[in-house]
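entry-v8.txt, holding compact mmCIF, C-alpha atoms:
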```txt
# COMPACT_ATOMS: atom_id res chain seq x y z
CA MET A 1 27.11 -12.38 -10.05
CA PRO A 2 24.60 -9.49 -9.72
CA ASP A 3 25.85 -6.00 -10.53
CA LYS A 4 25.63 -3.02 -8.18
CA LYS A 5 22.54 -1.64 -9.89
CA SER A 6 20.56 -4.85 -9.43
CA LEU A 7 21.69 -5.10 -5.81
CA LYS A 8 20.49 -1.54 -5.18
CA GLU A 9 17.14 -2.31 -6.81
CA THR A 10 16.78 -5.47 -4.72
CA ALA A 11 17.62 -3.59 -1.52
CA LEU A 12 15.19 -0.78 -2.40
CA THR A 13 12.45 -3.32 -3.12
CA GLY A 14 13.08 -4.94 0.28
CA ILE A 15 12.94 -1.57 2.04
CA LYS A 16 9.67 -0.73 0.34
CA GLY A 17 8.33 -4.15 1.29
CA ALA A 18 9.29 -3.51 4.92
CA TRP A 19 7.46 -0.17 4.84
CA VAL A 20 4.32 -1.80 3.40
CA GLY A 21 4.48 -4.73 5.82
CA GLY A 22 5.12 -2.53 8.85
CA THR A 23 2.24 -0.16 8.13
CA MET A 24 -0.45 -2.32 6.54
CA LEU A 25 -1.80 -3.64 9.87
CA VAL A 26 -2.40 -0.13 11.24
CA PRO A 27 -6.19 0.43 11.20
CA GLY A 28 -7.16 2.65 8.28
CA VAL A 29 -3.80 2.36 6.50
CA SER A 30 -3.92 0.44 3.23
CA GLY A 31 -1.00 -1.73 2.17
CA GLY A 32 -2.01 -1.17 -1.45
CA SER A 33 -1.97 2.59 -0.91
CA MET A 34 1.52 2.43 0.53
CA ALA A 35 2.70 0.29 -2.39
CA MET A 36 1.19 2.78 -4.86
CA ILE A 37 2.67 5.77 -3.02
CA LEU A 38 6.09 4.08 -3.03
CA GLY A 39 5.88 3.58 -6.79
CA ILE A 40 6.05 -0.21 -6.57
CA TYR A 41 2.36 -1.04 -6.99
CA ASP A 42 2.12 -1.59 -10.75
CA ARG A 43 5.33 -3.66 -10.68
CA LEU A 44 3.77 -5.90 -8.01
CA VAL A 45 0.58 -6.33 -10.03
CA SER A 46 2.55 -7.15 -13.18
CA ALA A 47 4.89 -9.57 -11.37
CA VAL A 48 1.95 -11.55 -9.99
CA SER A 49 -0.41 -11.51 -12.99
CA SER A 50 2.32 -12.14 -15.59
CA PHE A 51 4.54 -14.30 -13.42
CA MET A 52 5.19 -17.02 -16.02
CA GLU A 53 6.32 -14.57 -18.70
CA GLU A 54 9.52 -13.61 -16.85
CA ARG A 55 9.71 -16.16 -14.07
CA LYS A 56 13.25 -15.47 -12.87
CA ALA A 57 12.92 -11.69 -12.71
CA ASN A 58 9.42 -11.80 -11.20
CA LEU A 59 10.38 -14.42 -8.63
CA GLY A 60 13.39 -12.39 -7.53
CA PHE A 61 11.30 -9.22 -7.25
CA LEU A 62 8.47 -10.91 -5.32
CA CYS A 63 10.90 -12.65 -2.97
CA SER A 64 12.68 -9.37 -2.20
CA PHE A 65 9.39 -7.61 -1.56
CA SER A 66 7.87 -10.46 0.46
CA ILE A 67 10.92 -10.91 2.69
CA GLY A 68 10.97 -7.17 3.33
CA ALA A 69 7.22 -7.14 4.05
CA LEU A 70 7.51 -10.08 6.46
CA LEU A 71 10.40 -8.43 8.31
CA GLY A 72 8.47 -5.17 8.41
CA MET A 73 5.44 -6.90 9.93
CA LEU A 74 7.52 -8.73 12.53
CA LEU A 75 9.78 -5.81 13.47
CA PHE A 76 7.70 -2.66 13.02
CA ALA A 77 3.96 -3.45 13.18
CA VAL A 78 3.77 -3.72 16.98
CA PRO A 79 6.03 -0.67 17.70
CA ILE A 80 4.02 1.41 15.22
CA LEU A 81 0.77 0.37 16.89
CA LYS A 82 2.17 1.27 20.32
CA LEU A 83 3.27 4.68 19.04
CA LEU A 84 -0.17 5.11 17.52
CA GLN A 85 -1.78 4.40 20.88
CA LYS A 86 0.53 6.79 22.74
CA TYR A 87 0.85 9.60 20.16
CA PRO A 88 -2.12 9.08 17.82
CA MET A 89 -2.29 12.49 16.13
CA PRO A 90 1.43 13.00 15.30
CA VAL A 91 1.75 9.43 13.98
CA ILE A 92 -1.33 9.82 11.77
CA TYR A 93 0.08 13.10 10.44
CA PHE A 94 3.25 11.24 9.48
CA PHE A 95 1.14 8.85 7.39
CA LEU A 96 -0.79 11.77 5.91
CA GLY A 97 2.50 13.33 4.86
CA ALA A 98 3.54 10.04 3.26
CA VAL A 99 0.32 9.97 1.26
CA ALA A 100 0.81 13.58 0.14
CA GLY A 101 4.37 12.77 -0.95
CA GLY A 102 3.12 10.03 -3.28
CA ILE A 103 0.28 11.93 -4.97
CA PRO A 104 2.47 13.61 -7.66
CA MET A 105 3.70 10.18 -8.75
CA ILE A 106 0.13 8.85 -9.08
CA ILE A 107 -0.90 11.87 -11.14
CA ARG A 108 2.10 11.30 -13.42
CA LYS A 109 1.08 7.67 -13.91
CA ALA A 110 -2.46 8.79 -14.76
CA GLY A 111 -1.01 10.96 -17.53
CA MET A 112 -2.97 14.04 -16.43
CA LYS A 113 -1.65 17.03 -18.35
CA LYS A 114 -4.66 19.32 -18.07
CA PHE A 115 -7.70 19.74 -15.84
CA SER A 116 -10.94 18.08 -17.01
CA TRP A 117 -14.13 16.57 -15.65
CA LYS A 118 -12.28 13.26 -15.23
CA THR A 119 -9.99 14.93 -12.68
CA ILE A 120 -13.01 15.30 -10.39
CA VAL A 121 -15.35 12.43 -11.28
CA TYR A 122 -12.97 9.45 -11.17
CA PRO A 123 -11.28 10.30 -7.83
CA ALA A 124 -14.71 11.18 -6.37
CA ALA A 125 -16.05 7.74 -7.37
CA GLY A 126 -13.07 6.00 -5.76
CA GLY A 127 -13.34 8.06 -2.59
CA ALA A 128 -17.08 7.45 -2.31
CA ALA A 129 -16.57 3.67 -2.60
CA VAL A 130 -14.11 3.65 0.31
CA MET A 131 -16.31 5.87 2.47
CA LEU A 132 -19.36 3.67 1.81
CA LEU A 133 -17.33 0.62 2.88
CA SER A 134 -16.48 2.37 6.15
CA LEU A 135 -20.21 2.61 6.97
CA VAL A 136 -20.48 -1.18 7.20
CA PRO A 137 -20.62 -2.10 10.92
CA ALA A 138 -17.77 -4.21 12.26
CA GLY A 139 -18.74 -7.81 12.81
CA ASN A 140 -17.59 -10.69 14.95
CA LEU A 141 -18.16 -13.64 12.65
CA ALA A 142 -15.25 -15.62 14.04
CA ALA A 143 -16.22 -15.28 17.70
CA GLY A 144 -16.23 -18.58 19.57
CA MET A 145 -15.22 -20.57 16.49
CA ASP A 146 -12.87 -23.45 17.33
CA MET A 147 -9.75 -24.06 15.22
CA GLY A 148 -11.33 -26.91 13.24
CA LEU A 149 -12.18 -27.40 9.57
CA LEU A 150 -14.87 -24.72 9.65
CA LYS A 151 -12.45 -22.14 11.10
CA ILE A 152 -9.77 -23.08 8.54
CA LEU A 153 -12.26 -22.61 5.68
CA PHE A 154 -13.39 -19.32 7.21
CA LEU A 155 -9.78 -18.10 7.45
CA LEU A 156 -9.17 -19.17 3.84
CA ALA A 157 -12.20 -17.17 2.67
CA ALA A 158 -11.24 -14.22 4.90
CA GLY A 159 -7.77 -14.21 3.36
CA MET A 160 -9.28 -14.03 -0.13
CA VAL A 161 -11.46 -11.10 0.93
CA ALA A 162 -8.47 -9.38 2.56
CA ALA A 163 -6.57 -9.81 -0.71
CA VAL A 164 -8.90 -7.20 -2.21
CA ALA A 165 -7.37 -4.68 0.18
CA LEU A 166 -3.88 -5.67 -0.93
CA VAL A 167 -4.74 -5.40 -4.61
CA LEU A 168 -6.83 -2.21 -4.40
CA PRO A 169 -5.12 0.77 -2.75
CA GLY A 170 -7.18 2.72 -0.25
CA ILE A 171 -8.98 -0.29 1.22
CA SER A 172 -7.45 -1.24 4.53
CA VAL A 173 -6.57 -4.86 5.24
CA SER A 174 -6.93 -4.20 8.94
CA TYR A 175 -10.41 -2.71 8.46
CA LEU A 176 -11.61 -5.72 6.49
CA LEU A 177 -10.21 -8.00 9.20
CA LEU A 178 -12.07 -5.85 11.73
CA LEU A 179 -15.31 -6.31 9.76
CA LEU A 180 -14.75 -10.07 9.85
CA GLY A 181 -13.97 -10.06 13.57
CA LEU A 182 -10.40 -11.23 12.97
CA TYR A 183 -8.28 -8.14 13.58
CA GLU A 184 -7.23 -8.74 17.22
CA GLU A 185 -6.81 -12.48 16.66
CA THR A 186 -4.62 -11.84 13.61
CA MET A 187 -2.42 -9.38 15.50
CA LYS A 188 -1.96 -11.91 18.31
CA ALA A 189 -1.20 -14.69 15.82
CA ILE A 190 1.48 -12.56 14.15
CA GLY A 191 3.02 -11.68 17.52
CA SER A 192 3.13 -15.33 18.62
CA LEU A 193 3.84 -16.82 15.15
CA ASP A 194 0.70 -18.98 15.33
CA ILE A 195 1.25 -20.98 12.11
CA ALA A 196 -2.04 -22.90 12.45
CA PHE A 197 -3.91 -19.59 12.20
CA LEU A 198 -1.64 -17.72 9.79
CA LEU A 199 -1.21 -20.51 7.20
CA PRO A 200 -4.86 -20.75 6.02
CA LEU A 201 -5.27 -16.96 6.23
CA GLY A 202 -2.10 -16.42 4.19
CA THR A 203 -3.10 -19.10 1.67
CA GLY A 204 -6.41 -17.31 1.14
CA VAL A 205 -4.60 -14.02 0.61
CA ILE A 206 -2.33 -15.58 -2.05
CA LEU A 207 -5.27 -17.16 -3.88
CA GLY A 208 -7.21 -13.88 -3.78
CA ILE A 209 -4.27 -11.93 -5.18
CA LEU A 210 -3.76 -14.41 -8.03
CA LEU A 211 -7.44 -14.23 -8.97
CA SER A 212 -7.68 -10.43 -9.03
CA THR A 213 -4.38 -9.00 -10.28
CA LYS A 214 -4.87 -10.06 -13.92
CA ALA A 215 -8.00 -7.94 -14.28
CA LEU A 216 -6.33 -4.97 -12.60
CA GLU A 217 -3.28 -5.18 -14.86
CA LYS A 218 -5.54 -5.11 -17.92
CA ALA A 219 -7.29 -2.03 -16.56
CA MET A 220 -3.95 -0.28 -16.01
CA VAL A 221 -2.89 -1.02 -19.58
CA LYS A 222 -6.17 -0.30 -21.37
CA CYS A 223 -7.56 2.54 -19.22
CA PRO A 224 -4.57 3.94 -17.28
CA GLN A 225 -5.98 7.41 -16.68
CA MET A 226 -9.30 6.19 -15.28
CA THR A 227 -7.65 3.40 -13.26
CA TYR A 228 -5.03 5.59 -11.58
CA LEU A 229 -7.49 8.42 -10.88
CA VAL A 230 -9.97 5.99 -9.28
CA ILE A 231 -7.07 4.56 -7.23
CA LEU A 232 -6.19 8.12 -6.20
CA GLY A 233 -9.79 8.45 -5.01
CA PHE A 234 -9.46 5.22 -3.02
CA ILE A 235 -6.38 6.63 -1.31
CA LEU A 236 -7.91 10.05 -0.59
CA GLY A 237 -11.06 8.36 0.72
CA SER A 238 -9.01 6.27 3.14
CA VAL A 239 -7.17 9.42 4.28
CA ALA A 240 -10.49 11.11 5.04
CA GLU A 241 -11.41 8.15 7.24
CA ILE A 242 -8.27 8.37 9.41
CA PHE A 243 -7.93 12.19 9.50
CA PRO A 244 -7.52 13.00 13.22
CA GLY A 245 -8.52 16.68 13.06
CA ILE A 246 -6.51 19.90 13.31
CA PRO A 247 -3.82 19.85 16.04
CA THR A 248 -3.84 22.53 18.70
CA GLY A 249 -1.45 23.92 21.28
CA SER A 250 1.77 22.01 21.82
CA GLY A 251 0.67 19.33 19.37
CA ILE A 252 0.93 21.62 16.32
CA LEU A 253 4.71 21.52 15.85
CA PRO A 254 5.16 17.70 16.15
CA CYS A 255 2.33 17.16 13.65
CA ILE A 256 3.83 19.62 11.17
CA LEU A 257 7.31 18.12 11.52
CA LEU A 258 6.10 14.54 11.15
CA PHE A 259 3.89 15.45 8.19
CA ALA A 260 6.94 17.01 6.54
CA ALA A 261 9.05 13.95 7.40
CA GLY A 262 6.51 11.56 5.88
CA PHE A 263 6.26 13.70 2.76
CA ALA A 264 10.05 13.94 2.41
CA VAL A 265 10.60 10.18 2.77
CA ILE A 266 8.09 9.17 0.09
CA TRP A 267 8.80 12.06 -2.28
CA GLY A 268 12.52 11.38 -1.97
CA MET A 269 12.10 7.66 -2.69
CA SER A 270 9.92 8.50 -5.70
CA ARG A 271 12.59 10.83 -7.12
CA LEU A 272 15.32 8.25 -6.46
CA GLU A 273 13.42 5.58 -8.36
CA ARG A 274 12.80 7.89 -11.33
CA LEU A 275 16.49 8.77 -11.49
CA GLN A 276 17.40 5.07 -11.56
CA LYS A 277 15.23 4.45 -14.63
CA PRO A 278 16.95 4.53 -18.01
CA ASN A 279 14.65 7.18 -19.44
CA SER A 280 16.95 10.19 -19.90
CA ASP A 281 14.01 12.56 -20.27
CA GLN A 282 12.86 11.68 -16.76
CA LYS A 283 16.33 12.38 -15.38
CA LYS A 284 16.46 15.75 -17.15
CA GLU A 285 13.01 16.60 -15.81
CA ILE A 286 13.99 15.84 -12.20
CA LEU A 287 17.32 17.64 -12.44
CA ALA A 288 15.53 20.65 -13.90
CA GLU A 289 13.08 20.59 -10.98
CA SER A 290 16.02 20.54 -8.55
CA SER A 291 17.64 23.60 -10.14
CA MET A 292 14.49 25.71 -9.96
```
Write out the structure in this file as structure tokens.
Amino acid sequence: MPDKKSLKETALTGIKGAWVGGTMLVPGVSGGSMAMILGIYDRLVSAVSSFMEERKANLGFLCSFSIGALLGMLLFAVPILKLLQKYPMPVIYFFLGAVAGGIPMIIRKAGMKKFSWKTIVYPAAGGAAVMLLSLVPAGNLAAGMDMGLLKILFLLAAGMVAAVALVLPGISVSYLLLLLGLYEETMKAIGSLDIAFLLPLGTGVILGILLSTKALEKAMVKCPQMTYLVILGFILGSVAEIFPGIPTGSGILPCILLFAAGFAVIWGMSRLERLQKPNSDQKKEILAESSM
């Protein structure tokens, strides 16, 4: 019978999965970025790439995350998109606050203890890569394609391409689907549970993740500082793409409040996860921060 600690960890993993699933289909918002900001990204990469090493623990973790992500997509993706259409600037500021709340955690993972040229160059390279991707014109490759073998193969390949956005933070799944001309069709398929469409697309995503996570895990282990700083650049580059401008008039207060709310949610979850870890030095560090 699982203890209370493992139940809490499972519930927290499911909540984080719901957040990632509910936000990843918003144009410009990267599921990988959200996973990184929530502090669950490297665990996901490790669970997938090293699945066979600890099958029971990894399977339980991935199931908790996947169930949460699926529920998040089904329950929250459409309401979030409707809010985005009705109140675009305040909603975007909420996401910006969430990104800001996760940056300290990414810097900690990078092991940055002093300013150097790497602090500028690596994030700049990541940001430039995302911004260059945004210059690619959106296509409509799937237009008029019947749901036959060719469409199934296309969806399989599209899923593998979209997996890059899941593995690399800062690259939006929804934007890649937009480039492939599949964004609206995918949203409709999710809303109507069109299994014939979603199955090959999802299979492609799974294959793409399996093929790419091993290399990323090695990079995180061998070159953690460079890897995390480049990922930070990916995230900042994606933020620059969705930045809605400076609010004015009556829109200033809602944007400030929602930015603060987004920051508080992610920063709070990051602190909670650090307190749950067995490292006593981390606990002392957080408690010292709280008393300042």
As a check of understanding: the span from atom CA of A:Ala98 to atom CA of A:Pro247 is 17.7 Å
Show me, as JSON, the centre and edge lengths in Å to one decimal of the axis-aligned box that covers every listed atom of stretch 58-64 of chain A with 6 Å on each side.
```
{"center_x": 10.9, "center_y": -11.8, "center_z": -6.7, "size_x": 16.9, "size_y": 17.2, "size_z": 21.0}
```
If we count all atoms listed in the file, what is near stretch 157-159 of chain A at a cut-off of 9 Å, once residues fewer than 6 positions away on the same chain are taken out, given as a ChimeraX atom specification?
/A:176-177,180,182,200-208
Cut-off 8 Å around (-3.2, -6.8, -9.3) with all atoms listed in the file: residues as a list in words
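Protein and nucleic acid residues near the point are Asp42, Leu44, Val45, Ser46, Val48, Ser49, Val167, Leu168, Ile209, Leu210, Ser212, Thr213, Lys214, Ala215, Leu216 and Glu217 of chain A.
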Could you give me, as a PyMOL selection string, the residues within 7 Å of stretch 64-78 of chain A, counting only C-alpha atoms and dropping anything in the same chain fewer than 6 positions from it?
chain A and resi 10+13-15+17-23+25
In Å, with one decimal, what is the gap from atom CA of A:Leu81 to atom CA of A:Lys8?
29.7 Å
What's the separation between atom CA of A:Met34 and atom CA of A:Val161, in Å to one decimal place?
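So the answer is 18.8 Å.
Nearest residue to A:Pro224 among A:Ala100, A:Gly126, A:Leu153, A:Met112 is A:Met112, counting only C-alpha atoms.
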Would you pick out the contacts of A:Leu257 at 10 Å or less, using all atoms listed in the file, so that residues sharing its chain but fewer than 4 positions from it are not included, and give the list as an mmCIF file with C-alpha atoms, in the frame of the given file?
```
data_model
loop_
_atom_site.group_PDB
_atom_site.id
_atom_site.type_symbol
_atom_site.label_atom_id
_atom_site.label_comp_id
_atom_site.auth_asym_id
_atom_site.auth_seq_id
_atom_site.Cartn_x
_atom_site.Cartn_y
_atom_site.Cartn_z
ATOM 1 C CA PRO A 90 1.430 13.000 15.300
ATOM 2 C CA TYR A 93 0.080 13.100 10.440
ATOM 3 C CA PHE A 94 3.250 11.240 9.480
ATOM 4 C CA GLY A 97 2.500 13.330 4.860
ATOM 5 C CA ILE A 252 0.930 21.620 16.320
ATOM 6 C CA LEU A 253 4.710 21.520 15.850
ATOM 7 C CA ALA A 261 9.050 13.950 7.400
ATOM 8 C CA GLY A 262 6.510 11.560 5.880
ATOM 9 C CA PHE A 263 6.260 13.700 2.760
#
```
Extract, using only C-alpha atoms, all DNA, RNA and protein residues at most 9 Å from A:Met105, discarding same-chain residues fewer than 5 positions from it, and format them as a list in words.
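Non-adjacent residues within range: Met36, Ile37, Leu38, Gly39, Ala110, Trp267 and Ser270 of chain A.
Using only C-alpha atoms, the smallest distance between any of A:Phe61, A:Phe95, A:Tyr87, A:Phe154 and A:Leu7 comes from A:Phe61.
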Pick from A:Leu155, A:Val164, A:Ala11, A:Ala129 nearest to A:Tyr183, counting only C-alpha atoms
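Checking each candidate against A:Tyr183, we get A:Leu155 as the closest.
Minimum atom-to-atom distance to A:Leu62, evaluated using only C-alpha atoms, belongs to A:Lys16 out of A:Gly102, A:Leu199, A:Glu241, A:Lys16.
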Around the point (-5.0, 11.3, 14.8) (coordinates from the file), which residues reach within 9 Å if we count only C-alpha atoms? Answer as a tab-separated table (two decimals) with C-alpha atoms, in the frame of the given file.
```
chain	number	residue	atom	x	y	z
A	84	LEU	CA	-0.17	5.11	17.52
A	87	TYR	CA	0.85	9.60	20.16
A	88	PRO	CA	-2.12	9.08	17.82
A	89	MET	CA	-2.29	12.49	16.13
A	90	PRO	CA	1.43	13.00	15.30
A	91	VAL	CA	1.75	9.43	13.98
A	92	ILE	CA	-1.33	9.82	11.77
A	93	TYR	CA	0.08	13.10	10.44
A	242	ILE	CA	-8.27	8.37	9.41
A	243	PHE	CA	-7.93	12.19	9.50
A	244	PRO	CA	-7.52	13.00	13.22
A	245	GLY	CA	-8.52	16.68	13.06
A	246	ILE	CA	-6.51	19.90	13.31
A	247	PRO	CA	-3.82	19.85	16.04
```
